[in-house]
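Containing PDB, C-alpha atoms and all ligand atoms: start22.pdb.
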ATOM      1  CA  MET A  85      75.478  92.422  91.991
ATOM      2  CA  ASP A  86      73.466  92.904  95.167
ATOM      3  CA  ASP A  87      75.668  92.000  98.169
ATOM      4  CA  LYS A  88      72.837  90.288 100.051
ATOM      5  CA  ILE A  89      72.068  87.959  97.131
ATOM      6  CA  LYS A  90      75.759  87.283  96.632
ATOM      7  CA  THR A  91      76.197  86.276 100.288
ATOM      8  CA  LEU A  92      73.046  84.150 100.155
ATOM      9  CA  LEU A  93      74.224  82.291  97.039
ATOM     10  CA  ILE A  94      77.702  81.660  98.474
ATOM     11  CA  ASN A  95      76.208  80.278 101.707
ATOM     12  CA  GLU A  96      73.701  78.094  99.844
ATOM     13  CA  ALA A  97      76.403  76.776  97.489
ATOM     14  CA  LYS A  98      78.704  76.008 100.418
ATOM     15  CA  ASN A  99      75.897  74.126 102.120
ATOM     16  CA  ALA A 100      75.049  72.212  98.932
ATOM     17  CA  ALA A 101      78.677  71.039  98.650
ATOM     18  CA  LYS A 102      78.126  69.036 101.856
ATOM     19  CA  SER A 103      75.798  66.738  99.894
ATOM     20  CA  ALA A 104      78.310  66.087  97.098
ATOM     21  CA  TYR A 105      78.716  62.414  96.207
ATOM     22  CA  CYS A 106      82.330  62.362  95.078
ATOM     23  CA  PRO A 107      84.138  59.243  96.375
ATOM     24  CA  TYR A 108      86.304  59.026  93.220
ATOM     25  CA  SER A 109      87.621  62.567  92.806
ATOM     26  CA  GLU A 110      87.065  63.746  96.388
ATOM     27  CA  TYR A 111      86.356  67.131  94.821
ATOM     28  CA  ALA A 112      83.081  68.327  96.353
ATOM     29  CA  VAL A 113      81.224  71.057  94.459
ATOM     30  CA  GLY A 114      78.122  72.968  95.531
ATOM     31  CA  VAL A 115      76.062  75.333  93.419
ATOM     32  CA  ALA A 116      73.286  77.787  94.128
ATOM     33  CA  LEU A 117      71.481  79.791  91.484
ATOM     34  CA  ILE A 118      68.753  82.391  91.500
ATOM     35  CA  SER A 119      66.129  82.607  88.795
ATOM     36  CA  SER A 120      64.914  85.881  87.325
ATOM     37  CA  ASP A 121      61.739  85.494  89.391
ATOM     38  CA  GLY A 122      63.763  85.190  92.608
ATOM     39  CA  ARG A 123      63.726  81.472  93.336
ATOM     40  CA  VAL A 124      66.885  79.814  94.667
ATOM     41  CA  PHE A 125      67.932  76.274  93.679
ATOM     42  CA  SER A 126      70.997  74.312  94.707
ATOM     43  CA  GLY A 127      72.871  71.222  93.567
ATOM     44  CA  CYS A 128      76.023  69.185  94.078
ATOM     45  CA  ASN A 129      78.161  66.918  91.918
ATOM     46  CA  ILE A 130      77.101  63.271  91.751
ATOM     47  CA  GLU A 131      79.728  60.748  90.686
ATOM     48  CA  ASN A 132      79.412  57.158  89.519
ATOM     49  CA  ALA A 133      81.677  54.097  89.444
ATOM     50  CA  SER A 134      81.181  54.327  85.691
ATOM     51  CA  TYR A 135      83.030  57.646  85.712
ATOM     52  CA  SER A 136      81.529  59.219  82.592
ATOM     53  CA  LEU A 137      78.076  59.127  84.175
ATOM     54  CA  THR A 138      79.194  61.776  86.682
ATOM     55  CA  MET A 139      77.048  64.891  86.735
ATOM     56  CA  CYS A 140      78.425  68.330  87.595
ATOM     57  CA  ALA A 141      76.854  70.388  90.363
ATOM     58  CA  GLU A 142      75.961  73.210  87.955
ATOM     59  CA  ARG A 143      73.793  70.982  85.786
ATOM     60  CA  VAL A 144      72.151  69.344  88.797
ATOM     61  CA  ALA A 145      71.076  72.783  90.089
ATOM     62  CA  LEU A 146      70.141  73.991  86.597
ATOM     63  CA  PHE A 147      68.009  70.948  85.796
ATOM     64  CA  LYS A 148      66.284  71.088  89.173
ATOM     65  CA  ALA A 149      65.361  74.708  88.415
ATOM     66  CA  VAL A 150      64.240  74.089  84.836
ATOM     67  CA  SER A 151      62.165  71.082  85.856
ATOM     68  CA  ASP A 152      60.391  73.342  88.354
ATOM     69  CA  GLY A 153      59.479  75.745  85.586
ATOM     70  CA  VAL A 154      62.416  78.180  85.604
ATOM     71  CA  ARG A 155      63.409  79.485  82.182
ATOM     72  CA  LYS A 156      65.745  82.358  83.094
ATOM     73  CA  ILE A 157      68.624  82.476  85.543
ATOM     74  CA  SER A 158      70.114  85.752  86.743
ATOM     75  CA  ALA A 159      73.039  84.529  88.878
ATOM     76  CA  ILE A 160      74.846  81.350  89.858
ATOM     77  CA  CYS A 161      77.478  80.587  92.467
ATOM     78  CA  VAL A 162      79.882  77.625  92.271
ATOM     79  CA  PHE A 163      81.673  76.659  95.480
ATOM     80  CA  SER A 164      84.416  74.176  96.301
ATOM     81  CA  ASP A 165      86.985  74.337  99.069
ATOM     82  CA  CYS A 166      88.736  71.152  97.864
ATOM     83  CA  GLY A 167      91.644  72.839  96.094
ATOM     84  CA  LYS A 168      91.415  74.566  92.732
ATOM     85  CA  MET A 169      88.907  77.329  92.059
ATOM     86  CA  PRO A 170      85.747  75.628  90.761
ATOM     87  CA  TYR A 171      85.314  77.393  87.431
ATOM     88  CA  PRO A 172      82.428  75.774  85.519
ATOM     89  CA  CYS A 173      83.478  73.248  82.871
ATOM     90  CA  GLY A 174      82.771  73.901  79.187
ATOM     91  CA  ALA A 175      79.727  71.621  79.079
ATOM     92  CA  CYS A 176      78.129  73.428  82.020
ATOM     93  CA  ARG A 177      78.859  76.826  80.481
ATOM     94  CA  GLN A 178      76.935  75.825  77.344
ATOM     95  CA  ALA A 179      74.088  74.274  79.382
ATOM     96  CA  LEU A 180      73.802  77.457  81.474
ATOM     97  CA  ALA A 181      73.883  79.710  78.410
ATOM     98  CA  GLU A 182      70.615  78.144  77.223
ATOM     99  CA  PHE A 183      68.816  79.557  80.280
ATOM    100  CA  ALA A 184      70.884  82.585  81.322
ATOM    101  CA  ASP A 185      69.727  86.188  81.357
ATOM    102  CA  GLU A 186      71.827  88.551  79.299
ATOM    103  CA  GLY A 187      74.642  89.588  81.634
ATOM    104  CA  ALA A 188      73.988  86.747  84.099
ATOM    105  CA  THR A 189      76.466  86.796  86.990
ATOM    106  CA  VAL A 190      78.757  83.872  87.811
ATOM    107  CA  ILE A 191      80.379  83.780  91.253
ATOM    108  CA  VAL A 192      83.185  81.305  91.860
ATOM    109  CA  SER A 193      84.464  80.664  95.368
ATOM    110  CA  ASP A 194      87.020  78.384  96.979
ATOM    111  CA  GLY A 195      86.080  79.535 100.482
ATOM    112  CA  GLU A 196      88.987  81.997 100.622
ATOM    113  CA  HIS A 197      88.780  83.838  97.320
ATOM    114  CA  THR A 198      85.716  84.874  95.368
ATOM    115  CA  VAL A 199      85.650  85.845  91.707
ATOM    116  CA  GLU A 200      82.640  87.584  90.191
ATOM    117  CA  THR A 201      82.274  87.433  86.426
ATOM    118  CA  THR A 202      79.594  86.935  83.779
ATOM    119  CA  LEU A 203      78.556  83.902  81.784
ATOM    120  CA  GLU A 204      79.199  85.906  78.604
ATOM    121  CA  GLU A 205      82.812  86.338  79.669
ATOM    122  CA  LEU A 206      83.168  82.611  80.396
ATOM    123  CA  ILE A 207      81.555  81.508  77.138
ATOM    124  CA  PRO A 208      81.621  84.065  74.335
ATOM    125  CA  TYR A 209      80.216  83.192  70.895
ATOM    126  CA  THR A 210      77.774  80.683  72.435
ATOM    127  CA  PHE A 211      76.053  78.211  70.161
ATOM    128  CA  GLY A 212      72.372  79.015  70.235
TER     129      GLY A 212
HETATM  130  N1  LIG A 301      82.666  69.150  88.592
HETATM  131  C1  LIG A 301      81.571  69.925  88.819
HETATM  132  O1  LIG A 301      80.705  69.610  89.639
HETATM  133  N2  LIG A 301      81.461  71.074  88.094
HETATM  134  C2  LIG A 301      82.343  71.481  87.128
HETATM  135  O2  LIG A 301      82.109  72.479  86.464
HETATM  136  C3  LIG A 301      83.560  70.718  86.902
HETATM  137  C4  LIG A 301      83.712  69.451  87.665
HETATM  138  C5  LIG A 301      82.793  67.894  89.364
HETATM  139  C6  LIG A 301      82.676  66.644  88.526
HETATM  140  C7  LIG A 301      83.453  65.664  89.343
HETATM  141  O3  LIG A 301      82.591  65.057  90.291
HETATM  142  C8  LIG A 301      84.486  66.482  90.086
HETATM  143  O4  LIG A 301      84.062  67.831  89.977
HETATM  144  C9  LIG A 301      85.892  66.361  89.530
HETATM  145  O5  LIG A 301      85.929  66.583  88.172
END
Written form, structure tokens:
Amino acid sequence: MDDKIKTLLINEAKNAAKSAYCPYSEYAVGVALISSDGRVFSGCNIENASYSLTMCAERVALFKAVSDGVRKISAICVFSDCGKMPYPCGACRQALAEFADEGATVIVSDGEHTVETTLEELIPYTFG
């Protein structure tokens, strides 16, 4: 993908991670995505004392975008420098697939290493 957009998404995702509300896991995640019409949205994970109410950063960013009228996403970046590489969970992969362009790019970064892949690779045989 375009290097400028990639750098922009990594920086935005890193910045979004600063807003993470994660007192229970202490695993801060930030996400930035770009819609097919070029708009950028970000999100962070939001935890709750009732643990199962926790919302992943990917779905926060996705739902912000969709609620602002976005219907197609061309790329998304997930960032966390809290340890393990922040690959999107299964639930987020399915949620993203609903609104992803064919061949949508997924960038995963832990601040040191960056992996670039596609949503199709992360979730083949999507339910749709
Ligand atoms: N988390 C995300 O934000 N995205 C994922 O794809 C997986 C996990 C968050 C949820 C929780 O706040 C913390 O990471 C630890 O699971």
Counting all atoms listed in the file, I want the residues whose atoms come within 10 Å of (91.2, 79.5, 94.9) in the file frame, returned as a PyMOL selection string.
chain A and resi 163-171+192-199
Suppose a student applies the PyMOL selection byres (((not hetatm)) within 7 of (chain A and resi 301)) to this structure; what residues should they get, written as a ChimeraX atom specification?
/A:106,109,111-113,128-131,138-142,170-173,176
Cut-off 6 Å: closest region 93-172 of chain A/region 187-190 of chain A atom pairs per residue, using only C-alpha atoms, as a Markdown table:
| residue | atom | partner | partner_atom | distance |
| --- | --- | --- | --- | --- |
| A:Ser158 | CA | A:Ala188 | CA | 4.8 |
| A:Ala159 | CA | A:Thr189 | CA | 4.5 |
| A:Ile160 | CA | A:Val190 | CA | 5.1 |
| A:Cys161 | CA | A:Val190 | CA | 5.8 |
Kindly save the residues from that selection, with C-alpha atoms included, as a CSV table (one decimal), in the coordinates of the input.
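The resulting file, part-v8.csv, is reproduced below:
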chain,number,residue,atom,x,y,z
A,158,SER,CA,70.1,85.8,86.7
A,159,ALA,CA,73.0,84.5,88.9
A,160,ILE,CA,74.8,81.4,89.9
A,161,CYS,CA,77.5,80.6,92.5
Here is a test: counting all atoms listed in the file, which residue of A:Ala133, A:Ala145, A:Leu206, A:Val154 is nearest to Glu96 (chain A)?
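Going through A:Ala133, A:Ala145, A:Leu206, A:Val154 one by one, the smallest distance to Glu96 (chain A) is for A:Ala145.
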One decimal, Å: what's the distance from CA of Leu92 (chain A) over to CA of Gly153 (chain A), could you say?
21.6 Å
Name all residues at most 8 Å from region 119-126 of chain A (count all atoms listed in the file; drop same-chain ones fewer than 3 positions away) and give them as a PyMOL selection string.
chain A and resi 96-97+100+114-116+144-146+148-149+154-159+185
Applied to this file, what does the PyMOL selection byres (((chain A and resi 204) around 9) and not hetatm) return in terms of residues, put as a PDB file with C-alpha atoms, in the frame of the given file?
ATOM      1  CA  ALA A 181      73.883  79.710  78.410  1.00  0.00           C
ATOM      2  CA  GLU A 186      71.827  88.551  79.299  1.00  0.00           C
ATOM      3  CA  GLY A 187      74.642  89.588  81.634  1.00  0.00           C
ATOM      4  CA  ALA A 188      73.988  86.747  84.099  1.00  0.00           C
ATOM      5  CA  THR A 189      76.466  86.796  86.990  1.00  0.00           C
ATOM      6  CA  THR A 201      82.274  87.433  86.426  1.00  0.00           C
ATOM      7  CA  THR A 202      79.594  86.935  83.779  1.00  0.00           C
ATOM      8  CA  LEU A 203      78.556  83.902  81.784  1.00  0.00           C
ATOM      9  CA  GLU A 205      82.812  86.338  79.669  1.00  0.00           C
ATOM     10  CA  LEU A 206      83.168  82.611  80.396  1.00  0.00           C
ATOM     11  CA  ILE A 207      81.555  81.508  77.138  1.00  0.00           C
ATOM     12  CA  PRO A 208      81.621  84.065  74.335  1.00  0.00           C
ATOM     13  CA  TYR A 209      80.216  83.192  70.895  1.00  0.00           C
ATOM     14  CA  THR A 210      77.774  80.683  72.435  1.00  0.00           C
TER      15      THR A 210
END
Could you check how far CA of Gly127 (chain A) sits from CA of Phe147 (chain A), in Å to one decimal?
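Between CA of Gly127 (chain A) and CA of Phe147 (chain A) the gap works out to 9.2 Å.
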Selected residue of minimal separation from Arg177 (chain A) among A:Asp87, A:Phe211, A:Asn99, A:Asp152, counting all atoms listed in the file:
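Nearest to Arg177 (chain A): A:Phe211.
One distance worth recording is that between CA of Phe183 (chain A) and CA of Val150 (chain A), which is 8.5 Å.
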Have a look at A:Asn132, A:Ala175, A:Leu180, A:Ile118 and name the one nearest to Ile94 (chain A); count only C-alpha atoms.
A:Ile118
Counting all atoms listed in the file, the option among A:Thr91, A:Ser151, A:Gln178, A:Ser103 closest to Gly212 (chain A):
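Comparing A:Thr91, A:Ser151, A:Gln178, A:Ser103 against Gly212 (chain A), the winner is A:Gln178.
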N, CA, C and O atoms modelled onto region 139-156 of chain A, as a short mmCIF file (atom, residue, chain, number, x, y, z; two decimals), in the coordinates of the input:
data_model
loop_
_atom_site.label_atom_id
_atom_site.label_comp_id
_atom_site.auth_asym_id
_atom_site.auth_seq_id
_atom_site.Cartn_x
_atom_site.Cartn_y
_atom_site.Cartn_z
N MET A 139 77.74 63.64 87.09
CA MET A 139 77.05 64.89 86.74
C MET A 139 77.59 66.04 87.59
O MET A 139 77.72 65.92 88.80
N CYS A 140 77.90 67.14 86.91
CA CYS A 140 78.42 68.33 87.60
C CYS A 140 77.32 69.00 88.43
O CYS A 140 76.13 68.95 88.09
N ALA A 141 77.77 69.68 89.47
CA ALA A 141 76.85 70.39 90.36
C ALA A 141 76.03 71.46 89.63
O ALA A 141 74.85 71.66 89.93
N GLU A 142 76.66 72.13 88.67
CA GLU A 142 75.96 73.21 87.96
C GLU A 142 74.73 72.67 87.24
O GLU A 142 73.65 73.26 87.26
N ARG A 143 74.92 71.52 86.55
CA ARG A 143 73.79 70.98 85.79
C ARG A 143 72.74 70.36 86.69
O ARG A 143 71.56 70.37 86.36
N VAL A 144 73.15 69.85 87.85
CA VAL A 144 72.15 69.34 88.80
C VAL A 144 71.25 70.50 89.24
O VAL A 144 70.02 70.42 89.18
N ALA A 145 71.86 71.61 89.64
CA ALA A 145 71.08 72.78 90.09
C ALA A 145 70.23 73.34 88.94
O ALA A 145 69.05 73.67 89.12
N LEU A 146 70.85 73.44 87.76
CA LEU A 146 70.14 73.99 86.60
C LEU A 146 68.93 73.13 86.24
O LEU A 146 67.82 73.65 86.04
N PHE A 147 69.11 71.82 86.22
CA PHE A 147 68.01 70.95 85.80
C PHE A 147 66.92 70.88 86.87
O PHE A 147 65.73 70.74 86.55
N LYS A 148 67.31 70.99 88.12
CA LYS A 148 66.28 71.09 89.17
C LYS A 148 65.42 72.33 88.93
O LYS A 148 64.20 72.28 89.03
N ALA A 149 66.08 73.44 88.62
CA ALA A 149 65.36 74.71 88.42
C ALA A 149 64.46 74.62 87.19
O ALA A 149 63.27 74.96 87.25
N VAL A 150 65.02 74.14 86.09
CA VAL A 150 64.24 74.09 84.84
C VAL A 150 63.05 73.14 84.99
O VAL A 150 61.94 73.43 84.52
N SER A 151 63.27 72.04 85.69
CA SER A 151 62.16 71.08 85.86
C SER A 151 61.09 71.61 86.80
O SER A 151 59.99 71.06 86.88
N ASP A 152 61.41 72.67 87.53
CA ASP A 152 60.39 73.34 88.35
C ASP A 152 59.82 74.57 87.65
O ASP A 152 59.17 75.42 88.28
N GLY A 153 60.12 74.70 86.38
CA GLY A 153 59.48 75.74 85.59
C GLY A 153 60.33 76.96 85.28
O GLY A 153 59.90 77.86 84.56
N VAL A 154 61.54 77.02 85.85
CA VAL A 154 62.42 78.18 85.60
C VAL A 154 62.87 78.18 84.15
O VAL A 154 63.19 77.12 83.59
N ARG A 155 62.89 79.36 83.54
CA ARG A 155 63.41 79.48 82.18
C ARG A 155 64.52 80.51 82.08
O ARG A 155 65.21 80.59 81.07
N LYS A 156 64.68 81.34 83.12
CA LYS A 156 65.74 82.36 83.09
C LYS A 156 66.46 82.41 84.43
O LYS A 156 65.82 82.48 85.50
#
